[in-house]
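Novice: Quick one, protein.cif (mmCIF, C-alpha atoms):
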```cif
data_target
loop_
_atom_site.label_atom_id
_atom_site.label_comp_id
_atom_site.auth_asym_id
_atom_site.auth_seq_id
_atom_site.Cartn_x
_atom_site.Cartn_y
_atom_site.Cartn_z
CA ALA Y 268 12.46 31.44 -23.53
CA SER Y 269 13.83 28.28 -25.15
CA VAL Y 270 17.18 26.63 -24.47
CA VAL Y 271 19.17 24.32 -26.80
CA VAL Y 272 22.18 22.38 -25.49
CA ARG Y 273 24.47 21.05 -28.25
CA LYS Y 274 26.90 18.14 -28.06
CA GLY Y 275 29.77 19.00 -25.77
CA GLY Y 276 27.71 21.52 -23.80
CA THR Y 277 26.08 21.17 -20.38
CA LEU Y 278 23.21 23.02 -18.79
CA LYS Y 279 24.11 22.95 -15.10
CA PHE Y 280 21.18 24.25 -13.15
CA GLY Y 281 21.97 26.04 -9.89
CA PRO Y 282 25.42 26.75 -8.42
CA ASP Y 283 26.87 24.07 -6.19
CA GLY Y 284 25.38 24.25 -2.73
CA THR Y 285 22.76 26.84 -3.71
CA SER Y 286 19.03 26.31 -3.33
CA HIS Y 287 16.72 27.12 -6.21
CA THR Y 288 13.04 26.60 -6.96
CA GLY Y 289 10.12 27.82 -9.02
CA ASN Y 290 12.09 28.34 -12.25
CA THR Y 291 10.55 27.72 -15.67
CA VAL Y 292 11.68 27.27 -19.26
CA LYS Y 293 9.37 27.17 -22.27
CA ASP Y 294 11.24 24.58 -24.37
CA LEU Y 295 14.40 22.63 -23.60
CA THR Y 296 16.28 20.76 -26.35
CA LEU Y 297 19.14 18.39 -25.56
CA ASP Y 298 20.88 17.90 -28.93
CA GLY Y 299 23.75 15.78 -27.69
CA GLY Y 300 24.34 18.13 -24.76
CA SER Y 301 23.57 17.31 -21.13
CA PHE Y 302 21.61 18.63 -18.17
CA GLU Y 303 22.18 18.29 -14.45
CA PHE Y 304 21.09 19.84 -11.19
CA ALA Y 305 23.89 21.25 -9.09
CA GLY Y 306 22.11 22.97 -6.20
CA ALA Y 307 20.30 21.62 -3.17
CA GLY Y 308 16.75 22.49 -4.19
CA VAL Y 309 14.09 23.94 -1.93
CA GLY Y 310 11.03 22.22 -0.51
CA ALA Y 311 10.60 18.48 -0.43
CA LYS Y 312 8.02 18.55 -3.20
CA LEU Y 313 8.68 21.63 -5.37
CA GLY Y 314 9.81 21.49 -8.99
CA THR Y 315 13.12 23.24 -9.34
CA LEU Y 316 12.82 23.55 -13.12
CA THR Y 317 9.44 23.36 -14.85
CA VAL Y 318 9.31 22.73 -18.61
CA LEU Y 319 6.17 24.51 -19.77
CA GLY Y 320 6.26 23.48 -23.42
CA ARG Y 321 8.46 20.75 -24.87
CA LEU Y 322 11.49 18.78 -23.76
CA THR Y 323 13.25 17.39 -26.85
CA VAL Y 324 16.00 14.80 -27.01
CA THR Y 325 17.81 14.44 -30.31
CA GLY Y 326 21.30 13.76 -31.63
CA ASP Y 327 23.22 10.61 -30.67
CA VAL Y 328 23.62 10.83 -26.88
CA ALA Y 329 21.25 9.23 -24.36
CA GLN Y 330 20.21 11.69 -21.66
CA VAL Y 331 20.00 11.18 -17.91
CA MET Y 332 18.29 13.90 -15.88
CA THR Y 333 20.21 13.76 -12.62
CA ASP Y 334 22.20 15.97 -10.25
CA THR Y 335 25.59 16.20 -8.57
CA THR Y 336 24.21 16.53 -5.03
CA ALA Y 337 22.16 13.31 -4.58
CA ASN Y 338 19.46 15.63 -3.22
CA ASP Y 339 15.87 14.41 -3.54
CA ASN Y 340 14.63 18.00 -3.43
CA ASN Y 341 15.61 18.52 -7.06
CA ARG Y 342 12.66 18.08 -9.40
CA VAL Y 343 11.69 18.49 -13.03
CA GLY Y 344 8.28 20.14 -13.15
CA LEU Y 345 5.42 19.48 -15.56
CA ALA Y 346 3.13 22.16 -16.97
CA TRP Y 347 -0.09 22.12 -14.97
CA GLN Y 348 -3.69 22.16 -16.25
CA LYS Y 349 -5.26 23.07 -12.92
CA ASP Y 350 -3.83 24.92 -9.98
CA SER Y 351 -4.03 23.81 -6.37
CA ALA Y 352 -7.46 25.44 -6.03
CA GLY Y 353 -8.81 23.44 -8.96
CA THR Y 354 -8.92 26.42 -11.33
CA ALA Y 355 -8.14 25.55 -14.95
CA THR Y 356 -5.08 27.20 -16.47
CA SER Y 357 -4.20 27.87 -20.10
CA ALA Y 358 -1.14 25.64 -19.95
CA ALA Y 359 -0.97 22.59 -22.18
CA ARG Y 360 0.66 19.42 -20.93
CA THR Y 361 4.44 19.15 -21.17
CA VAL Y 362 5.45 17.27 -24.34
CA PHE Y 363 8.44 14.93 -24.25
CA ASP Y 364 9.75 14.50 -27.82
CA VAL Y 365 12.34 11.75 -27.49
CA ALA Y 366 14.18 10.41 -30.52
CA ASP Y 367 15.73 6.93 -30.64
CA VAL Y 368 19.24 8.26 -30.10
CA THR Y 369 20.63 4.89 -28.92
CA GLY Y 370 19.37 2.99 -31.96
CA ASP Y 371 18.07 0.15 -29.74
CA ASP Y 372 15.68 -0.44 -26.83
CA ARG Y 373 17.89 1.18 -24.17
CA PRO Y 374 16.49 4.34 -22.56
CA ASP Y 375 17.05 7.50 -24.55
CA LEU Y 376 15.88 9.78 -21.75
CA THR Y 377 16.04 8.70 -18.10
CA PHE Y 378 14.78 10.67 -15.12
CA GLU Y 379 16.73 9.82 -11.97
CA LYS Y 380 15.05 12.78 -10.30
CA PRO Y 381 11.27 12.86 -9.92
CA LEU Y 382 8.74 14.67 -12.03
CA THR Y 383 6.38 16.96 -10.15
CA ARG Y 384 3.45 19.25 -10.89
CA GLY Y 385 5.04 22.60 -11.54
CA PRO Y 386 5.65 24.66 -8.40
CA ASN Y 387 2.87 23.06 -6.32
CA VAL Y 388 2.25 19.35 -5.72
CA ASN Y 389 -1.49 20.04 -5.45
CA ASN Y 390 -1.65 21.15 -9.08
CA VAL Y 391 -3.01 18.83 -11.78
CA ALA Y 392 -0.39 18.04 -14.43
CA GLY Y 393 -0.11 15.37 -17.11
CA LEU Y 394 2.29 14.68 -19.95
CA VAL Y 395 2.50 13.69 -23.61
CA LYS Y 396 5.21 11.33 -24.92
CA ILE Y 397 6.04 11.47 -28.64
CA GLY Y 398 9.03 10.40 -30.73
CA ALA Y 399 10.40 6.91 -31.35
CA GLY Y 400 12.66 6.77 -28.29
CA ARG Y 401 12.27 5.31 -24.80
CA MET Y 402 11.63 7.63 -21.85
CA LYS Y 403 12.20 6.01 -18.46
CA LEU Y 404 11.06 7.38 -15.12
CA ALA Y 405 13.48 5.66 -12.79
CA TYR Y 406 13.12 7.53 -9.51
CA ASP Y 407 12.70 5.08 -6.63
CA GLY Y 408 10.85 7.41 -4.27
CA ASP Y 409 11.55 8.59 -0.76
CA ALA Y 410 9.82 8.82 2.59
CA ASN Y 411 8.26 12.19 1.73
CA SER Y 412 6.83 11.13 -1.60
CA GLY Y 413 5.23 7.84 -0.60
CA GLY Y 414 7.52 6.17 -3.14
CA GLY Y 415 7.48 5.85 -6.92
CA TYR Y 416 5.77 7.97 -9.51
CA TYR Y 417 2.28 7.42 -8.12
CA GLY Y 418 3.22 8.43 -4.60
CA ARG Y 419 1.09 11.01 -2.86
CA GLN Y 420 3.12 14.00 -3.93
CA LEU Y 421 5.00 13.20 -7.13
CA GLY Y 422 4.40 12.28 -10.73
CA PRO Y 423 1.77 13.10 -13.34
CA ASN Y 424 -1.78 13.22 -12.02
CA GLY Y 425 -3.40 14.65 -15.15
CA ASP Y 426 -3.94 12.95 -18.50
CA VAL Y 427 -1.08 10.82 -19.84
CA ASP Y 428 -0.80 10.23 -23.60
CA VAL Y 429 1.82 7.94 -25.15
CA LEU Y 430 1.75 8.69 -28.88
CA GLY Y 431 5.14 7.34 -29.92
CA GLY Y 432 7.98 5.16 -28.69
CA VAL Y 433 7.98 3.90 -25.10
CA LEU Y 434 7.10 5.48 -21.79
CA GLU Y 435 8.41 3.35 -18.93
CA PHE Y 436 7.32 3.71 -15.33
CA ALA Y 437 10.02 2.11 -13.18
CA GLY Y 438 11.26 2.60 -9.64
CA ALA Y 439 10.34 0.89 -6.41
CA TRP Y 440 6.58 1.34 -6.71
CA THR Y 441 5.90 0.49 -3.07
CA VAL Y 442 3.03 2.92 -3.16
CA PRO Y 443 0.38 3.55 -0.51
CA VAL Y 444 -3.06 4.19 -1.96
CA PRO Y 445 -3.14 7.89 -2.82
CA ASN Y 446 -6.24 10.01 -2.87
CA ALA Y 447 -8.27 10.55 -6.02
CA ALA Y 448 -6.69 13.91 -6.81
CA ASN Y 449 -3.21 12.41 -7.13
CA VAL Y 450 -3.81 9.68 -9.70
CA PRO Y 451 -4.00 10.14 -13.49
CA HIS Y 452 -7.61 9.65 -14.52
CA ARG Y 453 -6.97 8.94 -18.20
CA TYR Y 454 -4.26 7.15 -20.15
CA TYR Y 455 -4.12 6.88 -23.94
CA ILE Y 456 -1.60 4.64 -25.72
CA GLY Y 457 -1.66 5.24 -29.45
CA THR Y 458 -0.64 3.30 -32.56
CA ASN Y 459 2.72 1.50 -32.20
CA ALA Y 460 3.33 3.23 -28.86
CA THR Y 461 4.04 1.39 -25.58
CA LEU Y 462 3.36 1.99 -21.92
CA HIS Y 463 5.83 -0.20 -20.04
CA VAL Y 464 5.34 -0.67 -16.29
CA SER Y 465 8.27 -2.31 -14.52
CA ASN Y 466 9.21 -2.90 -10.90
CA PRO Y 467 12.64 -4.17 -9.88
CA ASN Y 468 11.48 -4.82 -6.29
CA CYS Y 469 8.32 -6.70 -7.16
CA VAL Y 470 9.30 -9.96 -5.44
CA THR Y 471 8.63 -8.38 -2.04
CA THR Y 472 6.28 -5.57 -3.03
CA ASP Y 473 2.69 -5.96 -1.86
CA VAL Y 474 1.23 -2.96 -3.69
CA PHE Y 475 2.21 -2.51 -7.31
CA THR Y 476 -0.28 -0.17 -8.87
CA VAL Y 477 -0.80 1.21 -12.32
CA ALA Y 478 -3.78 3.12 -10.99
CA ASP Y 479 -5.55 3.59 -7.71
CA PRO Y 480 -8.14 0.77 -7.53
CA ASN Y 481 -10.55 3.11 -5.75
CA VAL Y 482 -10.57 5.73 -8.50
CA ARG Y 483 -12.36 5.52 -11.85
CA THR Y 484 -9.21 5.66 -13.92
CA LYS Y 485 -9.55 5.00 -17.66
CA MET Y 486 -7.02 3.58 -20.10
CA HIS Y 487 -7.47 3.21 -23.85
CA VAL Y 488 -4.82 1.16 -25.65
CA ASP Y 489 -5.52 2.04 -29.28
CA HIS Y 490 -3.38 -0.17 -31.57
CA GLY Y 491 -0.57 0.15 -29.04
CA THR Y 492 1.03 -2.01 -26.34
CA PHE Y 493 0.52 -2.16 -22.58
CA LEU Y 494 3.36 -4.13 -20.96
CA ILE Y 495 3.57 -5.09 -17.30
CA ASP Y 496 7.07 -6.48 -17.02
CA CYS Y 497 7.77 -8.10 -13.68
CA PRO Y 498 8.85 -11.75 -13.99
CA GLY Y 499 9.52 -12.13 -10.25
CA PHE Y 500 6.14 -10.80 -9.15
CA LYS Y 501 4.49 -13.25 -6.74
CA THR Y 502 3.22 -11.50 -3.65
CA GLY Y 503 0.59 -8.91 -4.53
CA HIS Y 504 -2.02 -7.66 -6.96
CA VAL Y 505 -1.51 -5.46 -10.00
CA PHE Y 506 -4.45 -3.06 -9.91
CA LEU Y 507 -5.41 -2.29 -13.49
CA PRO Y 508 -7.28 0.89 -14.45
CA ASP Y 509 -10.95 0.84 -13.55
CA GLU Y 510 -11.90 0.98 -17.24
CA LEU Y 511 -9.46 -0.76 -19.58
CA VAL Y 512 -10.24 -0.58 -23.32
CA LEU Y 513 -8.06 -2.71 -25.60
CA GLU Y 514 -8.59 -1.83 -29.27
CA ASP Y 515 -6.52 -4.05 -31.56
CA ALA Y 516 -4.01 -3.82 -28.74
CA VAL Y 517 -1.23 -5.91 -27.28
CA PHE Y 518 -1.42 -6.51 -23.52
CA GLN Y 519 1.48 -8.52 -22.15
CA THR Y 520 2.42 -9.47 -18.61
CA THR Y 521 5.41 -11.27 -17.12
CA LEU Y 522 3.86 -12.16 -13.77
CA ASP Y 523 5.04 -15.53 -12.49
CA GLY Y 524 2.35 -16.38 -9.95
CA PHE Y 525 2.89 -19.15 -7.44
CA ALA Y 526 3.84 -22.70 -8.33
CA ASP Y 527 1.63 -23.99 -5.50
CA ASP Y 528 -2.05 -24.11 -6.46
CA ASN Y 529 -3.05 -23.23 -2.87
CA TYR Y 530 -1.90 -19.68 -3.44
CA ALA Y 531 -3.72 -17.03 -5.44
CA LEU Y 532 -1.42 -14.05 -5.21
CA GLY Y 533 0.43 -12.57 -8.14
CA ALA Y 534 -2.86 -11.55 -9.73
CA LEU Y 535 -3.95 -8.92 -12.16
CA THR Y 536 -6.95 -7.15 -10.62
CA LEU Y 537 -9.62 -5.82 -12.97
CA GLY Y 538 -11.81 -2.81 -12.33
CA SER Y 539 -15.38 -2.24 -13.46
CA LEU Y 540 -14.77 -2.75 -17.20
CA LEU Y 541 -12.57 -4.74 -19.56
CA HIS Y 542 -13.55 -3.92 -23.16
CA ILE Y 543 -12.14 -5.79 -26.16
CA LYS Y 544 -12.79 -4.02 -29.47
CA GLY Y 545 -11.32 -3.49 -32.93
CA THR Y 546 -10.97 -5.85 -35.89
CA THR Y 547 -8.67 -8.63 -34.66
CA ALA Y 548 -9.01 -11.40 -32.07
CA PHE Y 549 -7.38 -10.76 -28.69
CA GLU Y 550 -5.55 -13.06 -26.26
CA LEU Y 551 -4.62 -12.46 -22.63
CA MET Y 552 -2.39 -15.34 -21.57
CA PRO Y 553 -0.09 -16.02 -18.60
CA PHE Y 554 3.63 -15.50 -18.95
CA GLU Y 555 5.34 -18.48 -20.61
CA GLY Y 556 2.86 -21.03 -19.39
CA MET Y 557 2.96 -20.22 -15.67
CA LYS Y 558 -0.13 -22.08 -14.53
CA ASN Y 559 -1.14 -20.10 -11.47
CA ASN Y 560 -1.54 -16.58 -12.81
CA ARG Y 561 -4.80 -15.07 -11.64
CA LEU Y 562 -7.18 -12.47 -13.02
CA ALA Y 563 -9.09 -11.05 -10.08
CA LEU Y 564 -12.60 -9.68 -10.57
CA LEU Y 565 -14.20 -6.67 -8.94
CA ASP Y 566 -15.90 -7.30 -5.63
CA THR Y 567 -18.10 -4.23 -5.11
CA THR Y 568 -20.06 -4.82 -8.33
CA PRO Y 569 -19.37 -7.51 -10.96
CA THR Y 570 -16.68 -6.70 -13.51
CA GLU Y 571 -18.14 -6.11 -16.96
CA ILE Y 572 -16.22 -8.04 -19.61
CA ARG Y 573 -17.39 -6.54 -22.90
CA VAL Y 574 -16.25 -8.39 -26.01
CA ASP Y 575 -17.19 -6.99 -29.41
CA ASP Y 576 -17.52 -9.24 -32.47
CA VAL Y 577 -14.07 -8.25 -33.70
CA THR Y 578 -13.70 -11.19 -36.09
CA GLY Y 579 -17.04 -10.60 -37.79
CA ASP Y 580 -18.00 -14.29 -37.60
CA ASP Y 581 -18.53 -17.04 -35.02
CA ALA Y 582 -14.83 -17.42 -34.24
CA VAL Y 583 -13.46 -16.62 -30.78
CA ASP Y 584 -13.02 -12.87 -30.33
CA ALA Y 585 -11.22 -12.84 -26.97
CA THR Y 586 -9.33 -15.54 -25.07
CA ILE Y 587 -8.44 -15.31 -21.38
CA GLY Y 588 -5.90 -17.87 -20.20
CA PHE Y 589 -5.74 -16.60 -16.62
CA LYS Y 590 -7.59 -18.28 -13.79
CA LEU Y 591 -10.44 -16.04 -12.61
CA CYS Y 592 -10.44 -15.38 -8.88
CA ASP Y 593 -11.97 -13.26 -6.14
CA ARG Y 594 -10.36 -9.94 -5.41
CA ARG Y 595 -7.70 -10.03 -2.68
CA TYR Y 596 -7.74 -13.81 -2.54
CA VAL Y 597 -4.79 -14.87 -0.39
CA ARG Y 598 -3.39 -18.06 1.05
CA PRO Y 599 -5.38 -19.81 3.84
CA GLY Y 600 -5.19 -17.91 7.11
CA GLY Y 601 -4.68 -14.58 5.40
CA THR Y 602 -7.05 -11.79 4.42
CA ALA Y 603 -10.64 -12.90 3.86
CA THR Y 604 -11.79 -13.44 0.30
CA ARG Y 605 -14.16 -10.90 -1.22
CA ALA Y 606 -16.81 -12.54 -3.38
CA SER Y 607 -16.39 -11.36 -6.98
CA GLY Y 608 -18.07 -12.07 -10.30
CA PHE Y 609 -18.45 -10.83 -13.86
CA VAL Y 610 -21.05 -9.84 -16.43
CA LYS Y 611 -20.42 -10.70 -20.09
CA THR Y 612 -21.67 -8.08 -22.56
CA GLY Y 613 -21.01 -7.43 -26.24
CA SER Y 614 -21.90 -9.61 -29.22
CA GLY Y 615 -18.53 -11.38 -29.40
CA THR Y 616 -17.35 -14.76 -28.11
CA LEU Y 617 -15.23 -15.01 -24.96
CA LEU Y 618 -13.17 -18.18 -24.42
CA LEU Y 619 -11.99 -19.02 -20.89
CA THR Y 620 -9.07 -21.43 -21.11
CA PRO Y 621 -6.91 -21.23 -17.99
CA THR Y 622 -3.64 -23.13 -17.99
CA THR Y 623 -4.72 -25.28 -15.04
CA THR Y 624 -7.46 -27.83 -14.41
CA THR Y 625 -9.26 -25.46 -12.03
CA LEU Y 626 -11.10 -22.98 -14.18
CA SER Y 627 -11.91 -20.41 -11.54
CA MET Y 628 -11.59 -19.46 -7.93
CA PHE Y 629 -14.24 -16.75 -7.75
CA SER Y 630 -17.35 -17.11 -5.64
CA GLY Y 631 -19.58 -14.36 -7.03
CA ASP Y 632 -22.24 -14.56 -9.73
CA THR Y 633 -21.78 -14.86 -13.49
CA GLU Y 634 -24.27 -13.20 -15.85
CA ILE Y 635 -24.19 -13.57 -19.65
CA ARG Y 636 -26.22 -10.72 -21.12
CA GLU Y 637 -24.89 -10.79 -24.68
CA GLY Y 638 -22.74 -12.93 -26.92
CA ILE Y 639 -21.17 -16.25 -25.97
CA VAL Y 640 -18.94 -17.48 -23.15
CA ARG Y 641 -17.10 -20.69 -24.02
CA LEU Y 642 -15.32 -22.90 -21.49
CA ASP Y 643 -12.29 -24.89 -22.54
CA GLU Y 644 -13.36 -28.47 -21.82
CA ALA Y 645 -9.78 -29.66 -21.32
CA ASN Y 646 -9.31 -27.29 -18.39
CA TYR Y 647 -12.83 -27.16 -17.02
CA ASP Y 648 -13.55 -28.34 -13.49
CA SER Y 649 -17.29 -28.28 -12.95
CA LYS Y 650 -16.83 -27.98 -9.20
CA SER Y 651 -15.28 -24.56 -9.46
CA PHE Y 652 -17.48 -22.56 -11.82
#
```
Could you take the file, read its structure, and then write that structure out as structure tokens?

Specialist:
Amino acid sequence: ASVVVRKGGTLKFGPDGTSHTGNTVKDLTLDGGSFEFAGAGVGAKLGTLTVLGRLTVTGDVAQVMTDTTANDNNRVGLAWQKDSAGTATSAARTVFDVADVTGDDRPDLTFEKPLTRGPNVNNVAGLVKIGAGRMKLAYDGDANSGGGYYGRQLGPNGDVDVLGGVLEFAGAWTVPVPNAANVPHRYYIGTNATLHVSNPNCVTTDVFTVADPNVRTKMHVDHGTFLIDCPGFKTGHVFLPDELVLEDAVFQTTLDGFADDNYALGALTLGSLLHIKGTTAFELMPFEGMKNNRLALLDTTPTEIRVDDVTGDDAVDATIGFKLCDRRYVRPGGTATRASGFVKTGSGTLLLTPTTTTLSMFSGDTEIREGIVRLDEANYDSKSF
């Protein structure tokens, strides 16, 4: 059945002090009305209310999915595509249709309680975000979950599509590397949509992951925006999806990096493929001129940087203003460097123009199979490339 909560009404799920789990609703619409958990929940990882179809936010009131018990056992469950045995189900992914009820960039729907995968954390469940509003997943994690939305037991681990507005992954994000079954294997960010990854604790966080670096996760940003917003990030690597395709896309980061050139932390870490395509030139530049931002290459096999001829002429098709470095490069006396390199493919022109006089800090091989790689002479140190 479907439930609509109008302005002035509240859907209060579960009597105070009562446990509840395994419940489902087909569609839930919050049209100015509110929702909260009131019971204790059952099972550290079970969804107490699973939305099988669509959760819609409309009207003029921002929604916060929370509870009155401060109990981490309360969950909102996603429809699951595969059960814990790996058998496909007929369920589609849960759709979150969030309107811009605030009229600005504040969250229109915030989850202070975690999302989970229906009634079983071993299910496979993704989500679809539509509508012009911002949906924020703000749960900070707990000891049972491994922390954040990519902890071992919580969050979407199926396909994630952002087709409208903003989907923000927030929270602590101090995430141990999960196994392959618990990480979304495909992201799609569509036209004018945004995936916003933020981390309020990034100054001291060593692992801040968009995707497990050991899993072949794919992301296609198709005329949309991928934003990693963490201006205080200095002490770890941001592991990007293994295959990152940017098609007429915007990719922005607010990573500070270190002011001391002896340090190479605060790096974006590429996977096996970075593919620039579309019809317009692309730039990946450090945040507001911070000179020591790094772009770490893959160490097991060279990262493929594929640049198509997006301009249709001999102009630069892709510009990288980050300093290239070996994966897991740390300050002297720390973890050993892993030799990393890249292979340039595609008929387009790649310009390397780091905002420092040292062009690179990687020790692996460079292979140019197709197209052109240009080095910015003003910032080129022949001893380092």

Novice: Using all atoms listed in the file, find the one residue out of Y:Phe363, Y:Phe436, Y:Phe629, Y:Phe554 that sits nearest to Ala606 (chain Y).

Specialist: Y:Phe629

Novice: For each of Y:Asp298, Y:Leu494, Y:Lys590, Y:Asp489, take the minimum atom-to-atom distance to Ala516 (chain Y), counting all atoms listed in the file, then give the residue where this is smallest.

Specialist: Y:Asp489

Novice: Which is closer to Phe493 (chain Y) than all the others in Y:Ile543, Y:Ala355, Y:Leu434, Y:Ile587, using all atoms listed in the file?

Specialist: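 Checking each candidate against Phe493 (chain Y), we get Y:Leu434 as the closest.
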
Novice: Quick one: everything within 6 Å of Asp496 (chain Y), counting all atoms listed in the file, minus sequence neighbours fewer than 4 positions away in the same chain. Send it as an MDAnalysis selection string.

Specialist: chainID Y and resid 465 520:521

Novice: Compare Y:Gly613, Y:Gly385, Y:Gly588, Y:Gly545 by their minimum atom-to-atom distance to Glu571 (chain Y), counting all atoms listed in the file, and give me the closest one.

Specialist: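 Checking each of Y:Gly613, Y:Gly385, Y:Gly588, Y:Gly545 against Glu571 (chain Y), counting all atoms listed in the file, the winner is Y:Gly613.
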
Novice: Which residues fall under the PyMOL selection byres ((chain Y and resi 366) around 9) in this file, as a count of residues only?

Specialist: 17

Novice: Report the residues retrieved by the PyMOL selection byres ((chain Y and resi 591) around 8) from the displayed file, expressed as a ChimeraX atom specification.

Specialist: /Y:561-564,589-590,592-593,626-629

Novice: Output the residue selection produced by the PyMOL selection byres ((chain Y and resi 518) around 12) on the file above, formatted as an mmCIF file with C-alpha atoms, keeping the file's coordinate frame.

Specialist:
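Output file expr-v2.cif follows:
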```
data_model
loop_
_atom_site.group_PDB
_atom_site.id
_atom_site.type_symbol
_atom_site.label_atom_id
_atom_site.label_comp_id
_atom_site.auth_asym_id
_atom_site.auth_seq_id
_atom_site.Cartn_x
_atom_site.Cartn_y
_atom_site.Cartn_z
ATOM 1 C CA ILE Y 456 -1.600 4.640 -25.720
ATOM 2 C CA THR Y 461 4.040 1.390 -25.580
ATOM 3 C CA LEU Y 462 3.360 1.990 -21.920
ATOM 4 C CA HIS Y 463 5.830 -0.200 -20.040
ATOM 5 C CA VAL Y 464 5.340 -0.670 -16.290
ATOM 6 C CA HIS Y 487 -7.470 3.210 -23.850
ATOM 7 C CA VAL Y 488 -4.820 1.160 -25.650
ATOM 8 C CA ASP Y 489 -5.520 2.040 -29.280
ATOM 9 C CA HIS Y 490 -3.380 -0.170 -31.570
ATOM 10 C CA GLY Y 491 -0.570 0.150 -29.040
ATOM 11 C CA THR Y 492 1.030 -2.010 -26.340
ATOM 12 C CA PHE Y 493 0.520 -2.160 -22.580
ATOM 13 C CA LEU Y 494 3.360 -4.130 -20.960
ATOM 14 C CA ILE Y 495 3.570 -5.090 -17.300
ATOM 15 C CA ASP Y 496 7.070 -6.480 -17.020
ATOM 16 C CA LEU Y 507 -5.410 -2.290 -13.490
ATOM 17 C CA LEU Y 511 -9.460 -0.760 -19.580
ATOM 18 C CA VAL Y 512 -10.240 -0.580 -23.320
ATOM 19 C CA LEU Y 513 -8.060 -2.710 -25.600
ATOM 20 C CA GLU Y 514 -8.590 -1.830 -29.270
ATOM 21 C CA ASP Y 515 -6.520 -4.050 -31.560
ATOM 22 C CA ALA Y 516 -4.010 -3.820 -28.740
ATOM 23 C CA VAL Y 517 -1.230 -5.910 -27.280
ATOM 24 C CA GLN Y 519 1.480 -8.520 -22.150
ATOM 25 C CA THR Y 520 2.420 -9.470 -18.610
ATOM 26 C CA THR Y 521 5.410 -11.270 -17.120
ATOM 27 C CA LEU Y 535 -3.950 -8.920 -12.160
ATOM 28 C CA LEU Y 541 -12.570 -4.740 -19.560
ATOM 29 C CA ILE Y 543 -12.140 -5.790 -26.160
ATOM 30 C CA PHE Y 549 -7.380 -10.760 -28.690
ATOM 31 C CA GLU Y 550 -5.550 -13.060 -26.260
ATOM 32 C CA LEU Y 551 -4.620 -12.460 -22.630
ATOM 33 C CA MET Y 552 -2.390 -15.340 -21.570
ATOM 34 C CA PRO Y 553 -0.090 -16.020 -18.600
ATOM 35 C CA PHE Y 554 3.630 -15.500 -18.950
ATOM 36 C CA ILE Y 587 -8.440 -15.310 -21.380
#
```

Novice: Have a look at Y:Val272, Y:Val343, Y:Ile639, Y:Val610 and name the one nearest to Asp575 (chain Y); count all atoms listed in the file.

Specialist: Y:Ile639

Novice: When you count all atoms listed in the file, which of these residues is closest to Lys403 (chain Y): Y:Gln348, Y:Gln330, Y:Thr612, Y:Asn459?

Specialist: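 Ranked by minimum distance to Lys403 (chain Y), first place goes to Y:Gln330.
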
Novice: Just give me the gap between CA of Asp632 (chain Y) and CA of Val583 (chain Y) in Å, one decimal is fine.

Specialist: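 Straight-line distance from CA of Asp632 (chain Y) to CA of Val583 (chain Y) works out to 22.9 Å.
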
Novice: Scan for residues within 6 Å of the point (3.1, 13.8, -14.1) in the coordinates of the file, using all atoms listed in the file, and reply as a PDB file with C-alpha atoms, keeping the file's coordinate frame.

Specialist:
```
ATOM      1  CA  ALA Y 392      -0.390  18.040 -14.430  1.00  0.00           C
ATOM      2  CA  GLY Y 393      -0.110  15.370 -17.110  1.00  0.00           C
ATOM      3  CA  LEU Y 394       2.290  14.680 -19.950  1.00  0.00           C
ATOM      4  CA  GLY Y 422       4.400  12.280 -10.730  1.00  0.00           C
ATOM      5  CA  PRO Y 423       1.770  13.100 -13.340  1.00  0.00           C
ATOM      6  CA  ASN Y 424      -1.780  13.220 -12.020  1.00  0.00           C
TER       7      ASN Y 424
END
```

Novice: One decimal, Å: what's the distance from CA of Thr570 (chain Y) over to CA of Leu619 (chain Y), could you say?

Specialist: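 Here the two named atoms are 15.1 Å from each other.
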
Novice: Name all residues at most 9 Å from Ser269 (chain Y) (count all atoms listed in the file; drop same-chain ones fewer than 6 positions away) and give them as a PyMOL selection string.

Specialist: chain Y and resi 292-296

Novice: Rounded to one decimal, what separation in Å do you get between CA of Ser301 (chain Y) and CA of Arg384 (chain Y)?

Specialist: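 These two atoms are separated by 22.7 Å.
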
Novice: Identify, on the basis of all atoms listed in the file, every residue whose closest approach to Ser614 (chain Y) does not exceed 7 Å; exclude the query and any residue fewer than 6 positions from it along the same chain; express the result as a list in words.

Specialist: Val574, Asp575, Asp576, Glu637 and Gly638 of chain Y

Novice: So that I have them on file, write out the residues from the current selection with C-alpha atoms, as a short mmCIF file (atom, residue, chain, number, x, y, z; two decimals), keeping the file's coordinate frame.

Specialist:
```cif
data_model
loop_
_atom_site.label_atom_id
_atom_site.label_comp_id
_atom_site.auth_asym_id
_atom_site.auth_seq_id
_atom_site.Cartn_x
_atom_site.Cartn_y
_atom_site.Cartn_z
CA VAL Y 574 -16.25 -8.39 -26.01
CA ASP Y 575 -17.19 -6.99 -29.41
CA ASP Y 576 -17.52 -9.24 -32.47
CA GLU Y 637 -24.89 -10.79 -24.68
CA GLY Y 638 -22.74 -12.93 -26.92
#
```

Novice: Taking (-15.8, -1.8, -8.8) in the file's own coordinates, collect the residues within 6 Å, counting all atoms listed in the file, and hand them back as an MDAnalysis selection string.

Specialist: chainID Y and resid 538:539 565 567:568

Novice: Write the residues of the selection above to a file with C-alpha atoms, as a PDB file, in the coordinates of the input.

Specialist:
```pdb
ATOM      1  CA  GLY Y 538     -11.810  -2.810 -12.330  1.00  0.00           C
ATOM      2  CA  SER Y 539     -15.380  -2.240 -13.460  1.00  0.00           C
ATOM      3  CA  LEU Y 565     -14.200  -6.670  -8.940  1.00  0.00           C
ATOM      4  CA  THR Y 567     -18.100  -4.230  -5.110  1.00  0.00           C
ATOM      5  CA  THR Y 568     -20.060  -4.820  -8.330  1.00  0.00           C
TER       6      THR Y 568
END
```
